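Structure below is data24.pdb: PDB, C-alpha atoms, pLDDT in the B column.
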```
ATOM      1  CA  MET A1326     -51.932 -42.445 -47.957  1.00 89.00           C
ATOM      2  CA  SER A1327     -52.933 -43.820 -51.340  1.00 93.00           C
ATOM      3  CA  VAL A1328     -54.215 -47.069 -49.785  1.00 95.00           C
ATOM      4  CA  LEU A1329     -56.509 -46.933 -46.762  1.00 97.00           C
ATOM      5  CA  ILE A1330     -57.305 -49.959 -44.587  1.00 96.00           C
ATOM      6  CA  ASP A1331     -59.927 -50.265 -41.897  1.00 96.00           C
ATOM      7  CA  VAL A1332     -60.595 -53.429 -39.895  1.00 96.00           C
ATOM      8  CA  ALA A1333     -63.877 -54.076 -38.090  1.00 96.00           C
ATOM      9  CA  ASP A1334     -65.577 -57.341 -37.112  1.00 94.00           C
ATOM     10  CA  ASN A1335     -62.844 -59.410 -38.806  1.00 96.00           C
ATOM     11  CA  VAL A1336     -63.414 -57.632 -42.135  1.00 97.00           C
ATOM     12  CA  ALA A1337     -60.717 -55.425 -43.669  1.00 97.00           C
ATOM     13  CA  THR A1338     -61.936 -52.686 -46.010  1.00 97.00           C
ATOM     14  CA  ILE A1339     -59.162 -51.610 -48.369  1.00 97.00           C
ATOM     15  CA  THR A1340     -59.685 -48.414 -50.352  1.00 97.00           C
ATOM     16  CA  LEU A1341     -57.568 -47.303 -53.290  1.00 97.00           C
ATOM     17  CA  ASN A1342     -57.316 -43.614 -52.469  1.00 96.00           C
ATOM     18  CA  ARG A1343     -56.309 -41.578 -55.514  1.00 95.00           C
ATOM     19  CA  PRO A1344     -59.731 -40.430 -56.763  1.00 94.00           C
ATOM     20  CA  GLU A1345     -58.191 -37.397 -58.479  1.00 93.00           C
ATOM     21  CA  ALA A1346     -56.339 -39.862 -60.741  1.00 93.00           C
ATOM     22  CA  MET A1347     -59.188 -42.388 -61.128  1.00 94.00           C
ATOM     23  CA  ASN A1348     -57.352 -44.476 -58.506  1.00 95.00           C
ATOM     24  CA  ALA A1349     -54.612 -45.262 -61.016  1.00 93.00           C
ATOM     25  CA  ILE A1350     -51.651 -47.105 -59.552  1.00 93.00           C
ATOM     26  CA  ASP A1351     -48.446 -45.112 -59.161  1.00 92.00           C
ATOM     27  CA  PRO A1352     -45.223 -46.378 -57.517  1.00 90.00           C
ATOM     28  CA  ASP A1353     -46.299 -45.217 -54.053  1.00 91.00           C
ATOM     29  CA  MET A1354     -49.634 -47.024 -54.292  1.00 91.00           C
ATOM     30  CA  ARG A1355     -47.927 -50.149 -55.575  1.00 90.00           C
ATOM     31  CA  ALA A1356     -45.630 -50.177 -52.534  1.00 90.00           C
ATOM     32  CA  GLU A1357     -48.550 -49.593 -50.165  1.00 93.00           C
ATOM     33  CA  LEU A1358     -50.542 -52.381 -51.813  1.00 92.00           C
ATOM     34  CA  ASP A1359     -47.635 -54.750 -51.278  1.00 91.00           C
ATOM     35  CA  GLU A1360     -47.650 -53.943 -47.553  1.00 91.00           C
ATOM     36  CA  THR A1361     -51.429 -54.309 -47.472  1.00 93.00           C
ATOM     37  CA  TRP A1362     -51.321 -57.813 -48.976  1.00 92.00           C
ATOM     38  CA  ARG A1363     -48.720 -58.789 -46.378  1.00 92.00           C
ATOM     39  CA  ARG A1364     -50.885 -57.507 -43.553  1.00 93.00           C
ATOM     40  CA  ILE A1365     -53.952 -59.378 -44.795  1.00 93.00           C
ATOM     41  CA  HIS A1366     -51.965 -62.581 -44.935  1.00 91.00           C
ATOM     42  CA  ALA A1367     -50.392 -62.190 -41.479  1.00 91.00           C
ATOM     43  CA  ASP A1368     -53.114 -60.500 -39.398  1.00 94.00           C
ATOM     44  CA  ASP A1369     -55.290 -63.132 -37.707  1.00 92.00           C
ATOM     45  CA  SER A1370     -57.922 -60.514 -36.884  1.00 94.00           C
ATOM     46  CA  ILE A1371     -58.642 -60.264 -40.629  1.00 96.00           C
ATOM     47  CA  ARG A1372     -60.760 -63.094 -41.991  1.00 97.00           C
ATOM     48  CA  VAL A1373     -62.116 -61.433 -45.139  1.00 97.00           C
ATOM     49  CA  ALA A1374     -61.073 -58.364 -47.127  1.00 97.00           C
ATOM     50  CA  VAL A1375     -63.141 -55.994 -49.261  1.00 98.00           C
ATOM     51  CA  LEU A1376     -61.269 -54.024 -51.910  1.00 97.00           C
ATOM     52  CA  THR A1377     -62.784 -50.874 -53.419  1.00 97.00           C
ATOM     53  CA  GLY A1378     -61.862 -47.454 -54.799  1.00 97.00           C
ATOM     54  CA  ALA A1379     -62.414 -43.946 -53.483  1.00 95.00           C
ATOM     55  CA  GLY A1380     -64.911 -41.711 -55.258  1.00 92.00           C
ATOM     56  CA  GLU A1381     -67.809 -42.493 -57.554  1.00 88.00           C
ATOM     57  CA  LYS A1382     -66.147 -42.702 -60.969  1.00 93.00           C
ATOM     58  CA  ALA A1383     -63.538 -45.421 -60.805  1.00 96.00           C
ATOM     59  CA  PHE A1384     -62.424 -48.491 -58.941  1.00 96.00           C
ATOM     60  CA  CYS A1385     -59.012 -48.411 -60.633  1.00 95.00           C
ATOM     61  CA  THR A1386     -57.875 -47.523 -64.156  1.00 94.00           C
ATOM     62  CA  GLY A1387     -54.616 -49.452 -64.000  1.00 88.00           C
ATOM     63  CA  SER A1388     -51.123 -48.003 -63.987  1.00 83.00           C
ATOM     64  CA  ASP A1389     -50.696 -44.242 -63.881  1.00 72.00           C
ATOM     65  CA  LEU A1390     -48.915 -43.822 -67.219  1.00 68.00           C
ATOM     66  CA  LYS A1391     -47.799 -40.321 -66.227  1.00 67.00           C
ATOM     67  CA  LYS A1392     -45.794 -41.680 -63.309  1.00 59.00           C
ATOM     68  CA  THR A1393     -44.990 -45.224 -64.351  1.00 61.00           C
ATOM     69  CA  MET A1394     -42.251 -45.526 -66.945  1.00 55.00           C
ATOM     70  CA  PRO A1395     -40.572 -48.736 -68.119  1.00 60.00           C
ATOM     71  CA  PRO A1396     -37.828 -49.795 -65.670  1.00 60.00           C
ATOM     72  CA  LYS A1397     -34.235 -48.942 -66.510  1.00 65.00           C
ATOM     73  CA  ASP A1398     -33.020 -52.363 -65.412  1.00 68.00           C
ATOM     74  CA  SER A1399     -33.236 -55.408 -67.670  1.00 67.00           C
ATOM     75  CA  PHE A1400     -36.132 -57.820 -67.287  1.00 67.00           C
ATOM     76  CA  ALA A1401     -33.690 -60.527 -66.165  1.00 67.00           C
ATOM     77  CA  SER A1402     -32.326 -58.367 -63.364  1.00 64.00           C
ATOM     78  CA  THR A1403     -35.788 -57.361 -62.144  1.00 60.00           C
ATOM     79  CA  THR A1404     -36.966 -60.988 -62.308  1.00 64.00           C
ATOM     80  CA  PHE A1405     -33.995 -62.830 -60.827  1.00 65.00           C
ATOM     81  CA  GLY A1406     -31.892 -60.146 -59.191  1.00 64.00           C
ATOM     82  CA  ARG A1407     -34.272 -58.826 -56.540  1.00 61.00           C
ATOM     83  CA  ALA A1408     -35.246 -60.226 -53.176  1.00 54.00           C
ATOM     84  CA  LYS A1409     -38.927 -59.546 -53.852  1.00 58.00           C
ATOM     85  CA  SER A1410     -41.012 -58.911 -56.953  1.00 53.00           C
ATOM     86  CA  ASP A1411     -42.462 -55.494 -57.774  1.00 57.00           C
ATOM     87  CA  HIS A1412     -45.295 -57.190 -59.679  1.00 62.00           C
ATOM     88  CA  LEU A1413     -48.711 -55.606 -59.038  1.00 68.00           C
ATOM     89  CA  LEU A1414     -50.126 -58.743 -57.430  1.00 74.00           C
ATOM     90  CA  ALA A1415     -46.958 -59.922 -55.689  1.00 66.00           C
ATOM     91  CA  GLY A1416     -47.837 -61.018 -52.173  1.00 68.00           C
ATOM     92  CA  LEU A1417     -51.569 -61.237 -52.847  1.00 79.00           C
ATOM     93  CA  THR A1418     -51.607 -65.030 -52.508  1.00 84.00           C
ATOM     94  CA  THR A1419     -53.763 -65.804 -49.484  1.00 90.00           C
ATOM     95  CA  ASP A1420     -56.384 -68.313 -48.435  1.00 93.00           C
ATOM     96  CA  LYS A1421     -58.498 -65.515 -46.959  1.00 95.00           C
ATOM     97  CA  PRO A1422     -61.417 -64.518 -49.195  1.00 96.00           C
ATOM     98  CA  LEU A1423     -61.123 -61.280 -51.147  1.00 97.00           C
ATOM     99  CA  ILE A1424     -64.199 -59.384 -52.337  1.00 98.00           C
ATOM    100  CA  CYS A1425     -63.911 -56.614 -54.906  1.00 98.00           C
ATOM    101  CA  ALA A1426     -66.495 -53.822 -54.811  1.00 98.00           C
ATOM    102  CA  ILE A1427     -66.094 -52.272 -58.247  1.00 98.00           C
ATOM    103  CA  ASN A1428     -67.354 -48.684 -58.152  1.00 95.00           C
ATOM    104  CA  GLY A1429     -66.970 -47.455 -61.709  1.00 95.00           C
ATOM    105  CA  PHE A1430     -64.153 -48.006 -64.191  1.00 97.00           C
ATOM    106  CA  ALA A1431     -62.031 -51.152 -63.845  1.00 97.00           C
ATOM    107  CA  MET A1432     -59.494 -50.879 -66.632  1.00 95.00           C
ATOM    108  CA  GLY A1433     -56.188 -52.579 -67.345  1.00 94.00           C
ATOM    109  CA  GLY A1434     -54.411 -53.359 -64.114  1.00 93.00           C
ATOM    110  CA  GLY A1435     -57.557 -52.350 -62.246  1.00 95.00           C
ATOM    111  CA  LEU A1436     -59.510 -55.175 -63.843  1.00 97.00           C
ATOM    112  CA  GLU A1437     -56.596 -57.538 -63.263  1.00 96.00           C
ATOM    113  CA  LEU A1438     -56.694 -56.567 -59.600  1.00 95.00           C
ATOM    114  CA  ALA A1439     -60.421 -57.338 -59.527  1.00 97.00           C
ATOM    115  CA  LEU A1440     -59.855 -60.651 -61.290  1.00 97.00           C
ATOM    116  CA  ALA A1441     -57.439 -61.678 -58.549  1.00 95.00           C
ATOM    117  CA  CYS A1442     -60.289 -61.384 -56.032  1.00 96.00           C
ATOM    118  CA  ASP A1443     -62.634 -64.273 -55.291  1.00 97.00           C
ATOM    119  CA  ILE A1444     -65.955 -62.437 -55.539  1.00 98.00           C
ATOM    120  CA  ARG A1445     -66.698 -59.354 -57.654  1.00 98.00           C
ATOM    121  CA  ILE A1446     -69.652 -57.050 -57.000  1.00 98.00           C
ATOM    122  CA  ALA A1447     -70.181 -54.120 -59.384  1.00 98.00           C
ATOM    123  CA  SER A1448     -72.043 -50.849 -59.211  1.00 97.00           C
ATOM    124  CA  ASP A1449     -74.484 -50.255 -62.059  1.00 96.00           C
ATOM    125  CA  ASN A1450     -72.173 -47.627 -63.585  1.00 96.00           C
ATOM    126  CA  ALA A1451     -69.157 -49.942 -63.708  1.00 97.00           C
ATOM    127  CA  GLN A1452     -67.241 -50.515 -66.931  1.00 97.00           C
ATOM    128  CA  PHE A1453     -64.530 -53.063 -67.624  1.00 98.00           C
ATOM    129  CA  ALA A1454     -61.742 -53.371 -70.174  1.00 97.00           C
ATOM    130  CA  LEU A1455     -58.333 -54.865 -70.848  1.00 96.00           C
ATOM    131  CA  SER A1456     -57.283 -52.523 -73.638  1.00 93.00           C
ATOM    132  CA  GLU A1457     -53.524 -53.087 -73.617  1.00 92.00           C
ATOM    133  CA  VAL A1458     -53.446 -54.244 -77.256  1.00 91.00           C
ATOM    134  CA  ARG A1459     -54.501 -50.714 -78.241  1.00 91.00           C
ATOM    135  CA  ILE A1460     -51.231 -49.311 -76.870  1.00 87.00           C
ATOM    136  CA  GLY A1461     -48.992 -52.098 -78.151  1.00 90.00           C
ATOM    137  CA  SER A1462     -48.885 -54.133 -74.964  1.00 90.00           C
ATOM    138  CA  ILE A1463     -50.620 -57.049 -73.266  1.00 91.00           C
ATOM    139  CA  PRO A1464     -52.233 -57.481 -69.848  1.00 91.00           C
ATOM    140  CA  GLY A1465     -49.221 -58.374 -67.732  1.00 87.00           C
ATOM    141  CA  ALA A1466     -50.715 -59.028 -64.304  1.00 89.00           C
ATOM    142  CA  GLY A1467     -52.715 -62.160 -65.018  1.00 92.00           C
ATOM    143  CA  GLY A1468     -55.351 -60.751 -67.353  1.00 94.00           C
ATOM    144  CA  THR A1469     -54.814 -63.199 -70.214  1.00 95.00           C
ATOM    145  CA  GLN A1470     -55.031 -66.119 -67.786  1.00 94.00           C
ATOM    146  CA  ARG A1471     -57.648 -65.124 -65.205  1.00 95.00           C
ATOM    147  CA  LEU A1472     -60.179 -63.574 -67.599  1.00 96.00           C
ATOM    148  CA  PRO A1473     -60.727 -66.793 -69.642  1.00 96.00           C
ATOM    149  CA  ARG A1474     -61.097 -68.736 -66.410  1.00 94.00           C
ATOM    150  CA  ALA A1475     -63.744 -66.270 -65.253  1.00 95.00           C
ATOM    151  CA  VAL A1476     -65.810 -65.771 -68.418  1.00 96.00           C
ATOM    152  CA  GLY A1477     -64.767 -68.504 -70.848  1.00 96.00           C
ATOM    153  CA  ALA A1478     -62.370 -68.377 -73.780  1.00 96.00           C
ATOM    154  CA  SER A1479     -64.662 -66.777 -76.376  1.00 97.00           C
ATOM    155  CA  ASN A1480     -65.869 -63.927 -74.170  1.00 97.00           C
ATOM    156  CA  ALA A1481     -62.327 -63.346 -72.954  1.00 97.00           C
ATOM    157  CA  MET A1482     -60.918 -63.288 -76.484  1.00 97.00           C
ATOM    158  CA  LEU A1483     -63.533 -60.752 -77.534  1.00 97.00           C
ATOM    159  CA  MET A1484     -62.475 -58.409 -74.739  1.00 96.00           C
ATOM    160  CA  LEU A1485     -58.730 -59.037 -74.978  1.00 96.00           C
ATOM    161  CA  LEU A1486     -58.356 -58.800 -78.754  1.00 97.00           C
ATOM    162  CA  THR A1487     -60.610 -55.793 -79.346  1.00 97.00           C
ATOM    163  CA  GLY A1488     -59.838 -53.924 -76.152  1.00 95.00           C
ATOM    164  CA  ASP A1489     -63.520 -52.963 -76.038  1.00 96.00           C
ATOM    165  CA  ARG A1490     -65.290 -51.931 -72.858  1.00 96.00           C
ATOM    166  CA  VAL A1491     -67.975 -54.042 -71.209  1.00 97.00           C
ATOM    167  CA  ASP A1492     -70.691 -52.454 -69.098  1.00 97.00           C
ATOM    168  CA  ALA A1493     -72.039 -53.801 -65.810  1.00 97.00           C
ATOM    169  CA  ALA A1494     -75.004 -55.607 -67.375  1.00 97.00           C
ATOM    170  CA  GLU A1495     -72.781 -57.445 -69.855  1.00 97.00           C
ATOM    171  CA  ALA A1496     -70.255 -58.217 -67.119  1.00 98.00           C
ATOM    172  CA  LEU A1497     -73.033 -59.883 -65.140  1.00 98.00           C
ATOM    173  CA  ARG A1498     -74.263 -61.807 -68.178  1.00 97.00           C
ATOM    174  CA  ILE A1499     -70.857 -63.332 -68.950  1.00 97.00           C
ATOM    175  CA  GLY A1500     -70.021 -64.061 -65.320  1.00 97.00           C
ATOM    176  CA  LEU A1501     -67.334 -61.461 -64.807  1.00 98.00           C
ATOM    177  CA  VAL A1502     -69.186 -60.243 -61.694  1.00 98.00           C
ATOM    178  CA  SER A1503     -71.573 -61.967 -59.290  1.00 97.00           C
ATOM    179  CA  LYS A1504     -73.935 -59.056 -58.633  1.00 97.00           C
ATOM    180  CA  VAL A1505     -74.734 -55.585 -59.965  1.00 98.00           C
ATOM    181  CA  VAL A1506     -76.232 -53.120 -57.489  1.00 97.00           C
ATOM    182  CA  PRO A1507     -76.898 -49.374 -57.388  1.00 97.00           C
ATOM    183  CA  GLN A1508     -73.720 -47.502 -56.584  1.00 95.00           C
ATOM    184  CA  ALA A1509     -75.132 -46.219 -53.286  1.00 95.00           C
ATOM    185  CA  GLU A1510     -75.581 -49.831 -52.144  1.00 97.00           C
ATOM    186  CA  LEU A1511     -72.286 -51.239 -53.405  1.00 97.00           C
ATOM    187  CA  LEU A1512     -70.053 -51.095 -50.347  1.00 97.00           C
ATOM    188  CA  ALA A1513     -72.849 -52.127 -47.998  1.00 97.00           C
ATOM    189  CA  THR A1514     -73.606 -55.131 -50.216  1.00 98.00           C
ATOM    190  CA  ALA A1515     -69.961 -56.215 -50.383  1.00 98.00           C
ATOM    191  CA  THR A1516     -69.489 -55.678 -46.651  1.00 97.00           C
ATOM    192  CA  SER A1517     -72.603 -57.691 -45.852  1.00 97.00           C
ATOM    193  CA  ILE A1518     -71.246 -60.614 -47.871  1.00 98.00           C
ATOM    194  CA  ALA A1519     -67.873 -60.267 -46.156  1.00 98.00           C
ATOM    195  CA  GLN A1520     -69.475 -60.263 -42.711  1.00 97.00           C
ATOM    196  CA  ARG A1521     -71.448 -63.411 -43.473  1.00 97.00           C
ATOM    197  CA  ILE A1522     -68.245 -65.116 -44.578  1.00 97.00           C
ATOM    198  CA  ALA A1523     -66.342 -63.841 -41.525  1.00 96.00           C
ATOM    199  CA  GLN A1524     -68.919 -65.432 -39.222  1.00 95.00           C
ATOM    200  CA  ASN A1525     -68.100 -68.860 -40.614  1.00 95.00           C
ATOM    201  CA  ALA A1526     -65.315 -71.134 -39.384  1.00 95.00           C
ATOM    202  CA  PRO A1527     -62.028 -69.536 -40.606  1.00 94.00           C
ATOM    203  CA  LEU A1528     -60.187 -72.787 -41.311  1.00 95.00           C
ATOM    204  CA  ALA A1529     -63.130 -74.163 -43.277  1.00 95.00           C
ATOM    205  CA  VAL A1530     -63.454 -70.956 -45.305  1.00 96.00           C
ATOM    206  CA  ARG A1531     -59.757 -70.926 -46.181  1.00 95.00           C
ATOM    207  CA  ALA A1532     -59.784 -74.631 -46.989  1.00 96.00           C
ATOM    208  CA  VAL A1533     -62.709 -74.169 -49.388  1.00 96.00           C
ATOM    209  CA  LYS A1534     -60.966 -71.294 -51.168  1.00 96.00           C
ATOM    210  CA  ARG A1535     -57.754 -73.281 -51.580  1.00 95.00           C
ATOM    211  CA  LEU A1536     -59.607 -76.363 -52.802  1.00 96.00           C
ATOM    212  CA  VAL A1537     -61.513 -74.380 -55.420  1.00 95.00           C
ATOM    213  CA  GLN A1538     -58.416 -72.577 -56.679  1.00 93.00           C
ATOM    214  CA  GLN A1539     -56.190 -75.652 -56.826  1.00 94.00           C
ATOM    215  CA  GLY A1540     -58.906 -77.996 -58.012  1.00 94.00           C
ATOM    216  CA  MET A1541     -59.588 -75.984 -61.157  1.00 91.00           C
ATOM    217  CA  ASP A1542     -56.180 -77.036 -62.472  1.00 90.00           C
ATOM    218  CA  MET A1543     -56.461 -80.692 -61.402  1.00 95.00           C
ATOM    219  CA  PRO A1544     -58.063 -83.682 -63.119  1.00 95.00           C
ATOM    220  CA  LEU A1545     -61.398 -84.289 -61.398  1.00 95.00           C
ATOM    221  CA  PRO A1546     -60.430 -87.614 -59.713  1.00 95.00           C
ATOM    222  CA  VAL A1547     -57.312 -85.981 -58.222  1.00 96.00           C
ATOM    223  CA  ALA A1548     -59.335 -82.982 -57.087  1.00 95.00           C
ATOM    224  CA  ILE A1549     -61.899 -85.251 -55.406  1.00 95.00           C
ATOM    225  CA  ASP A1550     -59.110 -87.126 -53.604  1.00 96.00           C
ATOM    226  CA  THR A1551     -57.643 -83.822 -52.441  1.00 95.00           C
ATOM    227  CA  GLU A1552     -61.049 -82.692 -51.187  1.00 95.00           C
ATOM    228  CA  ARG A1553     -61.434 -85.922 -49.226  1.00 94.00           C
ATOM    229  CA  TYR A1554     -57.999 -85.442 -47.657  1.00 93.00           C
ATOM    230  CA  VAL A1555     -58.816 -81.880 -46.588  1.00 94.00           C
ATOM    231  CA  PHE A1556     -62.162 -83.072 -45.203  1.00 93.00           C
ATOM    232  CA  GLY A1557     -60.208 -85.455 -42.997  1.00 93.00           C
ATOM    233  CA  LEU A1558     -57.931 -82.652 -41.825  1.00 91.00           C
ATOM    234  CA  MET A1559     -60.941 -80.537 -40.885  1.00 91.00           C
ATOM    235  CA  ARG A1560     -62.854 -83.331 -39.148  1.00 89.00           C
ATOM    236  CA  ASP A1561     -61.234 -83.032 -35.720  1.00 87.00           C
ATOM    237  CA  THR A1562     -60.769 -79.261 -35.538  1.00 93.00           C
ATOM    238  CA  GLU A1563     -62.144 -77.400 -32.536  1.00 93.00           C
ATOM    239  CA  ASP A1564     -64.236 -75.197 -34.816  1.00 92.00           C
ATOM    240  CA  ARG A1565     -66.003 -78.192 -36.378  1.00 91.00           C
ATOM    241  CA  ILE A1566     -66.927 -79.496 -32.939  1.00 89.00           C
ATOM    242  CA  GLU A1567     -68.044 -75.992 -31.904  1.00 90.00           C
ATOM    243  CA  GLY A1568     -70.239 -75.754 -34.983  1.00 90.00           C
ATOM    244  CA  ARG A1569     -72.066 -78.943 -34.037  1.00 88.00           C
ATOM    245  CA  ARG A1570     -72.447 -77.934 -30.408  1.00 89.00           C
ATOM    246  CA  ALA A1571     -73.782 -74.519 -31.364  1.00 89.00           C
ATOM    247  CA  PHE A1572     -76.316 -76.128 -33.699  1.00 89.00           C
ATOM    248  CA  GLN A1573     -77.467 -78.506 -30.966  1.00 91.00           C
ATOM    249  CA  GLU A1574     -77.688 -75.694 -28.411  1.00 90.00           C
ATOM    250  CA  LYS A1575     -79.401 -73.325 -30.860  1.00 89.00           C
ATOM    251  CA  ARG A1576     -76.865 -70.515 -30.431  1.00 91.00           C
ATOM    252  CA  PRO A1577     -74.410 -68.681 -32.714  1.00 90.00           C
ATOM    253  CA  PRO A1578     -71.079 -70.516 -32.950  1.00 91.00           C
ATOM    254  CA  GLN A1579     -67.909 -68.938 -31.614  1.00 90.00           C
ATOM    255  CA  TYR A1580     -65.094 -69.817 -34.004  1.00 90.00           C
ATOM    256  CA  HIS A1581     -61.396 -69.299 -33.259  1.00 90.00           C
ATOM    257  CA  GLY A1582     -59.650 -70.804 -36.253  1.00 87.00           C
ATOM    258  CA  LYS A1583     -58.423 -73.892 -34.395  1.00 90.00           C
TER
END
```
Translate the structure of the given file into structure tokens.
Amino acid sequence: MSVLIDVADNVATITLNRPEAMNAIDPDMRAELDETWRRIHADDSIRVAVLTGAGEKAFCTGSDLKKTMPPKDSFASTTFGRAKSDHLLAGLTTDKPLICAINGFAMGGGLELALACDIRIASDNAQFALSEVRIGSIPGAGGTQRLPRAVGASNAMLMLLTGDRVDAAEALRIGLVSKVVPQAELLATATSIAQRIAQNAPLAVRAVKRLVQQGMDMPLPVAIDTERYVFGLMRDTEDRIEGRRAFQEKRPPQYHGK
């Protein structure tokens, strides 16, 4: 299996498992990732997911150019003529939080995969790049859109137009990642964050993620109105009442996503 998934305590750990190829994405991995995204979305036992790569050198170096050739079909037929997209991030849309534990190189599609996650934690040996312009292409899985939203237009342009690599310290400085930790502590750090999130009320967590994502593209007054509406939806949930009771009774809350 080129994608491994383990679920414990409502946290799914997803491992890209092609260390011999720097965890580059070949057609088999792409298909397995698609199934993984579907499982995360549908499996109620999963509240948070941590995505990482096998080995100590790379999280993911993008598409495996040795095994991934341009499709024979026209772009129109692949876009409009198929029941489902074969896009790298197709099916990844979910309100459940995604944490990326970046253990080494995150290049091309690998960085785009990380950018699609909500929180990024990097090992101190991590390096990042979107170097597609150097091979006559562009980032085609959200890189030109998500990177500026993460680090600002000027920092994004510097990376996108030069194709230069950024090390972990620079990634932290520009806001590409939230934390940089020693590689030996990376997965434990990401898992600890995931477990703290998983202990919170699932509906509230998912509502916050959706509000943040949608609100970034809304005028502020509209976003505030939307937040107020969602607050009203959450007000009478069983989990919100449980949270108050647990606080009053000085015990850990038991949330069920209701």
Residue neighbourhood Ile1522 (chain A), 10 Å, all atoms listed in the file, exclusion window fewer than 5 positions, as an MDAnalysis selection string: chainID A and resid 1335:1336 1372:1373 1422 1516:1517 1527 1530
With C-alpha atoms retained, export the selected residues as a PDB file, in the frame of the given file.
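Result file follows (result-v3.pdb):
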```pdb
ATOM      1  CA  ASN A1335     -62.844 -59.410 -38.806  1.00 96.00           C
ATOM      2  CA  VAL A1336     -63.414 -57.632 -42.135  1.00 97.00           C
ATOM      3  CA  ARG A1372     -60.760 -63.094 -41.991  1.00 97.00           C
ATOM      4  CA  VAL A1373     -62.116 -61.433 -45.139  1.00 97.00           C
ATOM      5  CA  PRO A1422     -61.417 -64.518 -49.195  1.00 96.00           C
ATOM      6  CA  THR A1516     -69.489 -55.678 -46.651  1.00 97.00           C
ATOM      7  CA  SER A1517     -72.603 -57.691 -45.852  1.00 97.00           C
ATOM      8  CA  PRO A1527     -62.028 -69.536 -40.606  1.00 94.00           C
ATOM      9  CA  VAL A1530     -63.454 -70.956 -45.305  1.00 96.00           C
TER      10      VAL A1530
END
```
I'd like the neighbourhood of Val1555 (chain A) as a PyMOL selection string, where a residue qualifies if any of its atoms comes within 12 Å (using all atoms listed in the file), though same-chain residues fewer than 5 positions away should be ignored. chain A and resi 1528-1537+1548-1550+1560-1562
Mind checking which residues fall within 12 Å of Pro1464 (chain A), counting only C-alpha atoms, ignoring those fewer than 2 positions away in the same chain, and posting them as a PyMOL selection string? chain A and resi 1387-1388+1413+1432-1438+1440+1454-1462+1466-1472+1484-1486+1488
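Atom pair CA of Arg1490 (chain A) / CA of Asp1389 (chain A) has a distance of 18.8 Å (rounded to one decimal).
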From the list A:Ala1349, A:Arg1498, A:Phe1556, A:Ile1463, which residue is nearest Asn1480 (chain A) when using only C-alpha atoms? A:Arg1498
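Every residue that the PyMOL selection byres ((chain A and resi 1358) around 9) selects in this file is listed here: A:Ser1327, A:Val1328, A:Leu1341, A:Asp1353, A:Met1354, A:Arg1355, A:Ala1356, A:Glu1357, A:Asp1359, A:Glu1360, A:Thr1361, A:Trp1362, A:Arg1363, A:Leu1413, A:Leu1414, A:Leu1417.
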Answer key for the PyMOL selection byres ((chain A and resi 1565) around 10), residues as a ChimeraX atom specification: /A:1526,1528-1529,1559-1564,1566-1571,1578,1580,1582-1583
May I have the protein, DNA and RNA residues with any atom at most 12 Å from the point (-65.5, -47.2, -54.0), counting all atoms listed in the file, written as a ChimeraX atom specification? /A:1329,1338-1344,1347-1348,1375-1385,1425-1431,1446-1448,1450-1451,1508-1516
Can you write just those residues out, C-alpha atoms, as an mmCIF file, keeping the file's coordinate frame?
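Done, and the output landed in again_11.cif:
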```
data_model
loop_
_atom_site.group_PDB
_atom_site.id
_atom_site.type_symbol
_atom_site.label_atom_id
_atom_site.label_comp_id
_atom_site.auth_asym_id
_atom_site.auth_seq_id
_atom_site.Cartn_x
_atom_site.Cartn_y
_atom_site.Cartn_z
ATOM 1 C CA LEU A 1329 -56.509 -46.933 -46.762
ATOM 2 C CA THR A 1338 -61.936 -52.686 -46.010
ATOM 3 C CA ILE A 1339 -59.162 -51.610 -48.369
ATOM 4 C CA THR A 1340 -59.685 -48.414 -50.352
ATOM 5 C CA LEU A 1341 -57.568 -47.303 -53.290
ATOM 6 C CA ASN A 1342 -57.316 -43.614 -52.469
ATOM 7 C CA ARG A 1343 -56.309 -41.578 -55.514
ATOM 8 C CA PRO A 1344 -59.731 -40.430 -56.763
ATOM 9 C CA MET A 1347 -59.188 -42.388 -61.128
ATOM 10 C CA ASN A 1348 -57.352 -44.476 -58.506
ATOM 11 C CA VAL A 1375 -63.141 -55.994 -49.261
ATOM 12 C CA LEU A 1376 -61.269 -54.024 -51.910
ATOM 13 C CA THR A 1377 -62.784 -50.874 -53.419
ATOM 14 C CA GLY A 1378 -61.862 -47.454 -54.799
ATOM 15 C CA ALA A 1379 -62.414 -43.946 -53.483
ATOM 16 C CA GLY A 1380 -64.911 -41.711 -55.258
ATOM 17 C CA GLU A 1381 -67.809 -42.493 -57.554
ATOM 18 C CA LYS A 1382 -66.147 -42.702 -60.969
ATOM 19 C CA ALA A 1383 -63.538 -45.421 -60.805
ATOM 20 C CA PHE A 1384 -62.424 -48.491 -58.941
ATOM 21 C CA CYS A 1385 -59.012 -48.411 -60.633
ATOM 22 C CA CYS A 1425 -63.911 -56.614 -54.906
ATOM 23 C CA ALA A 1426 -66.495 -53.822 -54.811
ATOM 24 C CA ILE A 1427 -66.094 -52.272 -58.247
ATOM 25 C CA ASN A 1428 -67.354 -48.684 -58.152
ATOM 26 C CA GLY A 1429 -66.970 -47.455 -61.709
ATOM 27 C CA PHE A 1430 -64.153 -48.006 -64.191
ATOM 28 C CA ALA A 1431 -62.031 -51.152 -63.845
ATOM 29 C CA ILE A 1446 -69.652 -57.050 -57.000
ATOM 30 C CA ALA A 1447 -70.181 -54.120 -59.384
ATOM 31 C CA SER A 1448 -72.043 -50.849 -59.211
ATOM 32 C CA ASN A 1450 -72.173 -47.627 -63.585
ATOM 33 C CA ALA A 1451 -69.157 -49.942 -63.708
ATOM 34 C CA GLN A 1508 -73.720 -47.502 -56.584
ATOM 35 C CA ALA A 1509 -75.132 -46.219 -53.286
ATOM 36 C CA GLU A 1510 -75.581 -49.831 -52.144
ATOM 37 C CA LEU A 1511 -72.286 -51.239 -53.405
ATOM 38 C CA LEU A 1512 -70.053 -51.095 -50.347
ATOM 39 C CA ALA A 1513 -72.849 -52.127 -47.998
ATOM 40 C CA THR A 1514 -73.606 -55.131 -50.216
ATOM 41 C CA ALA A 1515 -69.961 -56.215 -50.383
ATOM 42 C CA THR A 1516 -69.489 -55.678 -46.651
#
```
